[in-house]
Structure formats: structure tokens, C-alpha cells
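So the structure is just underneath, and the comments pick up after that.
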Amino acid sequence: MSSPNLDVRDVARLARIELTDEEATTFQSQLGRVLEYVEQLKTLDVSDVEPTAHANPVFNVLREDVSRPGLTREAALANAPHSANNLVVVTKVIE
Amino acid sequence: MSELTDLSISELQAGFRRGDFTPADALRALESRIAKVDPSIDAYLSRDFETALAAAENAAINLPLGGVPIGIKDAINVLGESCTCSSKMLAGFKSPYDATVIAKLRAAGAIPYGRLNMDEFAMGSSTENSAYKKTRNPWDTSRIPGGSSGGSAASVAAREAFATLGSDTGGSIRQPAALCGVVGLKPSYGRVSRYGLVAFASSLDQIGPIARTTRDCASLLNVITGKDSHDSTSLDLPAEDFTTGLGGDLKGVKLGVPKEYFVDGMNPDVRSKVEVAIQHCQELGAEIIEVSLPHTAYAVGVYYIIATAEASANLARFDGVRYGHRAKNPRDLLDHYMRSREEGFGSEVKRRIILGTYVLSSGYYDAYYLRAQKVRTLIRQDFTNAFEKVDALICPTSPDAAFKIGERVDDPLRMYLADIFTIATNLAGICGISVPCGFIEESGTKLPVGLQFLGKALDENRLLGIADAYERASEFANARPRDL
């Protein structure tokens, strides 16, 4: 059973994930079953219910606006797959 | 004297203070225990013995956790150590900083020791989603340890860790603790800073301890709790000593039994063990009251919408630019992103990112994500109503005992339903603890069963007191798997 509205390849592209043909087929059917399961939420009337975004709502959390130590340049670059001249090298974005 | 590695943290510290042995002795004993049993368990991804030994030799034993080695789930950053979240995406990553919980452990004299296996990015209930190894249950090595903090629970059960830190987004501390026969605490949301925990679902994630006793969990919570300016969701609360509620009994304590937590389809032997434990609590003086959490059946559905939605946003940071896996020779930037993420993430992570992206996408947001947030409100209200009548809830931690490795890997939905009794806790932001309550027998092996107590938000002191009273009155906390 697969969901008529879920096109796994299309959504994977939005999520920037390449899929093999085999993955696309498997995920389409597995996620179809998961979506079918969550359909049960539609049986509840929630028209007068406020949504909960956080379990413990706290608002406008501020800290003193003072500088504090951060990562050194070396530490920040240490895990970069490709760096040079103290900069992260990225894949070409513009022609 | 029994082996050093059999001791609880409080026994270990008493030994340090009497001068029976030193933190370096304890660390050496621990390392030789790991060398002996971990080839059968595979809980550890890596360890740095020399660094830990140097810390042990300089340990200040009068600090709250002075000289005590603590194993760390591979999702929590420890300066200079690897932090892979059991994913190929983070192979070779070295943490440039300490998570707040690690800084607090160090300040309390504890020694972070070893990286523990988990489901990739904490997504899973069996630790089979690790990209590196399959951790096995010390009670039966053909079975899973639970997950996602499977390495954190299995190591404590196998006496190759005194205590560990895990993280719990939908049961990832309590479920493996139950399946491995140890104690696991999920603190209330906001009790512990999440800074330095690799984020899965930010409105649900919480770091907590796994140990052999409730007392050890309380000692660890004392150290890791507190407001942190690096995590705006951590709460500014008056200081509390969570060991002060320990040592009491259950007389007059009102325990609610949520009728929806005894469902058709759960393992009947697990159910009867939990029912015996509830009966035992009554004999110990607790008042048992049936309560209803009417929206329980919707919790798994709500969870797999909210958690995947948050994960799809959190895991967008793995783009192969600043850190993490980068695909070779990309044609262009889109190809760079798509192949880096295809190659770096495992199946379950991809599945959840895709589901999360879908439920947040234009045209489906209201139908899925917004609706799930509204049902989350109803689930929270269920607990609020129940806690008006009772001090804590008592129920099973998991509908089943440890299952066989490989048994459920092809059926994600069935795997998700393994979390049916733990998920609502995270949605409501309340606290929960799993303690051992006996064994069932399957094909000739004894498998542990977990009893779960749930407390209202920020009521850890009372929750720990109740769990400790049950634990001392039952004989299961001292049970250990036969030696490997």
C-alpha cells in the first residue's frame, strides 16, 4: 500500500538526498504504510485545540549581550572535508 | 570482595574514600573487563585509555563524582574525541568542544570514558541502525539491546561500565534500560542542557543517566542538571539534591495505572510481570488507582510526524561543507548535496528525513504537522488530568522483551510500535524512569522486563524516591547476566 500523494523521489529531492531505484521503491511502500497509520489522527476533532510546539514553553530567553569565547579558526576548520588558506573550500556555486 | 566492576557508583566512591582502591585501579579494572566482554557485546565504538588514566590519577575523590568513569553515548560531544552518532556521515569527526553535560561531569570529578554505540542519529529502537556494529544484549547475545542508547544500556548491564549517559527522544534511554535489566532515567524537558548533544528532535530530546541503581541515576542527575546559557530551553530552577527523596517507602503513595498501557498485542508474559510488580507496590503500601490517558493510541502517530519534521530540519546541517562526509567530484552544488547525503546517511535516517520533509511540505503542513501538534496538546492534557489524582504513573516500559537481531529490520512501522509506552512521555515533557521488575523466559533464556514510573514535569525528586523504594523492596536490581 503506498500513499497516492507521496512521491518519494520528489520529496527526497527537496531533502537533497539522492536515492537508488531500490531505495525509492522500498521507501515508497514503507512510508506509505507509516502515512496510512498516521491517518488515524484525522479521526479526532481538533478544531478548538491549540497546537503544542514545545513541551515546556519558555519565551523570550535572553542572555547578557557580552562576547564570550568561541571556537578558534583551527578548531572550526579541523573537521572540514576540504579547507585551504584558513577557509572552507566549497563546491563551485556560480559560473 | 566482589570484582570492582560489579560495584555501583556509590559503592565505588565509598571504596575510594576508605582507601580500598584508587580511581586508577577502578579504571584499569574497567578496561580489563571491557577487553574481556566487549568482543561479545560490542557496546563500545572507541576508548582513550591513556587520557582517562591520566585523569583518574589526578582525580579529586571528594568531588560529587570524583574518579568515577562514565560511558558516553556517541551523540554527545567530548572535546578531542570522535562523535559519529554511529553514522558514516560523521566518520572521523573530532569534537571541538565539550557538551555542557560533559563539562559538568568533569567539574564534578567524573571521567568521561568511551564512546557507546547507538542507532544512527538516535533513530531506532534496537541499535541495529548503527553504521559500525551491532550491539548485543548481555542476557542473550542473539538479541538486540534496545535502542537507541543500546550501547549505553548493554555496557552497564554487562558490568563494562559503571554508569553511562544516553539520550531519550521517544524512549531511547528507558527502553534499552528495560531490555537490558538496568535503570534508565529520562529527565523532564528542560531539566538538562542539550548543548553538545547532536540534535534529533529538539522539542523532545533530553539527556539522562543509565546505571545499575536508582541512587546512581539520582547522583548523576544532580551533576548534569541546570540552566545553561547555551540552551535556551534549559530551565532556571532552584538547586535540588535528587538523593534526598531516596530511602523511603511507598506507604500512602498514589500510583496510577493507565489502562491504555495494557494493550492487546503486548507480550502476555511481560504484561503479567508488570502486573505482579504493581501488586507488589500495593503490598508495600501504595494506593493503586486506575486512570485513563485517552489519547495514548495517537502518540506513536504524533511522534513520527513531529520527530521526523524536526529531524528533517536538524539534519539539514549535514551538507558536506563544514564537516561530515563530502561526495567526491560533484558535478555541481546540487549533486554535491544529494550524493553527500545519499552516501553519508543510512536507510532509517533517509526514511525519516523524507517523511519529515513531506509532512512539512507545502499543502501537507496543516494536515500532518499542525494536526500532530494539536493532538500533542491533548496528550499533554491527559497527563495533567491524571497527575491531579495520582503522584506518579506505573506501567510497562516496553510491550515486549528483547527481540532477536534482524527480526524487525524490514518493518519500520512494527519497530516504531516498540516505543508505544515511552513516546508520550517526551511529547508531554514529563519525566520517566525504567527499573527492572523481573524476567520472562524465552527459548530457555531469561530476559529482563522493565517497570516504568512516570512523574509530572520537574517532579524527579518524588519519581526517584518511588523508583528507589520499589527497587530496594524487589530483588531485581542485583541480578546480572551470566558471565560471558
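Ordering of the C-alpha cells sets the chain letters (A, B, ...), residue numbers begin anew at 1 in every chain, and ligands are numbered from 1 in the order given.
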
Q: Using only C-alpha atoms, determine which residues of chain A fall within 7 Å of chain B; present them as a count of residues only.
A: 33

Q: Quick one: pick out all strand (DSSP E) residues within range 348-395 of chain B from a backbone DSSP run and write them as a list in words.
A: Ala392, Leu393, Ile394 and Cys395 of chain B

Output file for the selection above: C-alpha atoms, as a PDB file, in the first residue's frame:
ATOM      1  CA  ALA B 392       3.049   9.002  39.619  1.00  0.00           C
ATOM      2  CA  LEU B 393       2.004   6.522  36.954  1.00  0.00           C
ATOM      3  CA  ILE B 394       3.124   2.888  36.902  1.00  0.00           C
ATOM      4  CA  CYS B 395       3.152   0.899  33.665  1.00  0.00           C
TER       5      CYS B 395
END

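For the set B:Pro138, B:Gly248, B:Gly465, B:Gly150, the residue with the smallest atom-to-atom gap to Thr445 in chain B is B:Pro138, counting only C-alpha atoms.
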
(Q) Can you pull out every residue from chain A that DSSP, working from the backbone, puts in helix (DSSP H, G or I), and format the result as a ChimeraX atom specification? (A) /A:8-14,21-43,73-77

Saved selection, atoms kept: C-alpha atoms, as a JSON list (two decimals), in the first residue's frame:
[["chain", "number", "residue", "atom", "x", "y", "z"],
["A", 8, "VAL", "CA", 9.33, 9.63, -2.58],
["A", 9, "ARG", "CA", 11.71, 10.79, -5.33],
["A", 10, "ASP", "CA", 10.21, 14.25, -5.40],
["A", 11, "VAL", "CA", 10.40, 14.65, -1.61],
["A", 12, "ALA", "CA", 13.92, 13.19, -1.48],
["A", 13, "ARG", "CA", 14.98, 15.86, -3.94],
["A", 14, "LEU", "CA", 13.51, 18.55, -1.67],
["A", 21, "ASP", "CA", 15.98, 2.79, -7.50],
["A", 22, "GLU", "CA", 15.82, 0.11, -4.86],
["A", 23, "GLU", "CA", 15.65, 2.66, -2.02],
["A", 24, "ALA", "CA", 12.95, 4.62, -3.82],
["A", 25, "THR", "CA", 10.78, 1.51, -4.22],
["A", 26, "THR", "CA", 11.30, 0.29, -0.64],
["A", 27, "PHE", "CA", 10.78, 3.71, 0.97],
["A", 28, "GLN", "CA", 7.68, 4.36, -1.14],
["A", 29, "SER", "CA", 5.95, 1.30, 0.26],
["A", 30, "GLN", "CA", 7.32, 1.57, 3.84],
["A", 31, "LEU", "CA", 6.45, 5.27, 4.18],
["A", 32, "GLY", "CA", 3.09, 4.59, 2.57],
["A", 33, "ARG", "CA", 2.30, 2.24, 5.43],
["A", 34, "VAL", "CA", 3.50, 4.78, 8.01],
["A", 35, "LEU", "CA", 1.31, 7.51, 6.44],
["A", 36, "GLU", "CA", -1.62, 5.12, 6.40],
["A", 37, "TYR", "CA", -1.03, 4.53, 10.12],
["A", 38, "VAL", "CA", -0.95, 8.25, 10.96],
["A", 39, "GLU", "CA", -4.26, 8.74, 9.12],
["A", 40, "GLN", "CA", -5.87, 7.79, 12.45],
["A", 41, "LEU", "CA", -5.08, 11.33, 13.69],
["A", 42, "LYS", "CA", -7.75, 12.58, 11.30],
["A", 43, "THR", "CA", -10.47, 10.86, 13.32],
["A", 73, "ARG", "CA", 39.82, 29.18, 13.47],
["A", 74, "GLU", "CA", 41.88, 25.98, 13.65],
["A", 75, "ALA", "CA", 39.19, 24.17, 15.66],
["A", 76, "ALA", "CA", 36.43, 25.37, 13.36],
["A", 77, "LEU", "CA", 38.28, 24.13, 10.27]]

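Every protein or nucleic acid residue with an atom no more than 7 Å from Leu250 in chain B, counting only C-alpha atoms and leaving out same-chain residues fewer than 5 positions away, appears here: Leu284, Gly285, Ala286, Ile466 and Ala469 of chain B.
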
Q. Given the choices B:Val257, B:Ala103, B:Ala477, B:Ile224, which gets closest to Phe242 in chain B if the distance is worked out from only C-alpha atoms?
A. B:Ile224

(Q) Using Å and a single decimal, report how far CA of Pro436 in chain B sits from CA of Glu475 in chain B. (A) 9.2 Å

Q: Quick one: everything within 7 Å of Leu4 in chain B, counting only C-alpha atoms, minus sequence neighbours fewer than 2 positions away in the same chain. Send it as an MDAnalysis selection string.
A: chainID B and resid 2 6:7 26 29

Would you save the residues of that selection, restricted to C-alpha atoms, as a PDB file, in the first residue's frame?
ATOM      1  CA  SER B   2      33.424  -8.928  44.515  1.00  0.00           C
ATOM      2  CA  ASP B   6      30.344  -5.083  39.946  1.00  0.00           C
ATOM      3  CA  LEU B   7      30.122  -2.063  42.235  1.00  0.00           C
ATOM      4  CA  ALA B  26      38.892   1.185  39.058  1.00  0.00           C
ATOM      5  CA  ALA B  29      39.653  -2.982  36.248  1.00  0.00           C
TER       6      ALA B  29
END

Q.
My list of candidates is B:Ile61, B:Val435, B:Ala153, B:Leu165. Which is closest to Thr213 in chain B when distances are computed with only C-alpha atoms?
A. B:Val435

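Among the candidates B:Gln282, B:Ser398, B:Ser10, B:Thr169, the one nearest to Val263 in chain B when counting only C-alpha atoms is B:Ser398.
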
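Candidate residues B:Asp140, B:Glu240, B:Asp391, B:Asp483 were compared for distance to Glu442 in chain B, and the nearest is B:Asp140, using only C-alpha atoms.
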
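The space between CA of Pro176 in chain B and CA of Ser149 in chain B spans 6.4 Å.
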
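Pairwise distance (CA of Lys456 in chain B, CA of Phe387 in chain B) equals 6.6 Å.
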